[in-house]
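J.: Okay, here's the structure, questions in a sec.
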Amino acid sequence: GAFMSLVGDTNMNQIVLQEGVTDPAKILNKLHEGVSSYLKQSETDNQDGMDAAIVVIDEKEKSILYAGAKNPLVIVNENQEIEIFKGDKMSIGGKRKTNIKEKFNSYSIDYNPNNTFYIFSDGYQDQFGGPHDKKFMVRKFRSLLQEVAKKEMNDQHYVLKSDLRSGNKVIVKRMMCY
């Protein structure tokens with residue numbers, strides 16, 4: 001995991017900072033090519049990959065571009081309703097299931113500054129804990145996001161980090177809420 005994060009971060013910096021690519025799907029497509037090339041996946045049996053989500057917010061144009069590699073974008077609107085954008089069902093790196101050269105897609109979403117946006121991995125919902133040492137699960141996690149969405153960002157981070165409701169000892173290294 002740590003090695004893949006390092007490979008991904010290095011490639012992402014080159015794609016965004018040096019090449020100036022800002023479309024999320026193009027970033028994920030280039031990231032897939034970079035990871036596959038770096039790990040020589042076309043020549044070896046290495047199938048390592050990673051999931052990711054990228055959001056570009058243009059406040060001036062009131063738009064959001066989102067692309068996901070198995071990781072969703074969750075929006076909690078001002079009425080506490082939740083909207084989920086799932087992204088594409090493929091990872092970055094590894095071989096594709098079909099011979100067709102699949103590409104990631106960007107999705108355009110209207111931007112509302114009163115909404116709260118979340119991107120995350122499956123790590124939080126897959127955590128074990130609580131009195132019965134069970135997985136937190138997707139439904140509980142989404143419900144928790146709805147509950148905390150109106151709180152200040154520092155308060156959201158604290159609640160998500162400690163999850164006082166279930167007693168889970170969740171490890172959150174870096175979770176950003178906007």
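Numbering starts fresh at 1 for the residues of each chain in the structure tokens, the chains themselves are lettered A, B, ... in the order given, and ligands are numbered from 1 as they appear.
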Tell me which protein, DNA and RNA residues are within 10 Å of Glu78 of chain A, counting only C-alpha atoms, leaving out same-chain ones fewer than 3 positions away, and put them as a VMD selection string.

T.: chain A and resid 75 81 to 82 112 to 116 149 to 150

J.: Write down as a ChimeraX atom specification the residues of chain A whose backbone DSSP state falls under helix (DSSP H, G or I).

T.: /A:2-18,24-38,138-148,153-162

J.: Using only C-alpha atoms for the distances, tell me which of A:Val138, A:Ile64, A:Val21, A:Leu144 is nearest to Gln156 of chain A.

T.: A:Leu144

J.: Between atom CA of Tyr107 of chain A and atom CA of Glu33 of chain A, what is the spacing in Å?

T.: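 Atom CA of Glu33 of chain A sits 20.6 Å away from atom CA of Tyr107 of chain A.
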
J.: Given only C-alpha atoms as the basis, pick out the residue of A:Phe117, A:Tyr66, A:Tyr38, A:Phe104 nearest to Gln146 of chain A.

T.: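 The answer is A:Phe117, which sits nearest to Gln146 of chain A.
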
J.: Which of these, A:Ile119, A:Val74, A:Ile27, A:Val7, has the shortest distance to Ala53 of chain A once you count only C-alpha atoms?

T.: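 Going through A:Ile119, A:Val74, A:Ile27, A:Val7 one by one, the smallest distance to Ala53 of chain A is for A:Ile119.
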
J.: For segment 41-43 of chain A, list every protein, DNA or RNA residue within 12 Å, evaluated using only C-alpha atoms, and leave out those in the same chain fewer than 3 positions away; present the list as a ChimeraX atom specification.

T.: /A:32-38,46-49,92-96

J.: Between atom CA of Lys26 of chain A and atom CA of Ala67 of chain A, measure the distance and give it in Å to one decimal.

T.: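 We find that atom CA of Lys26 of chain A and atom CA of Ala67 of chain A lie 8.9 Å from each other.
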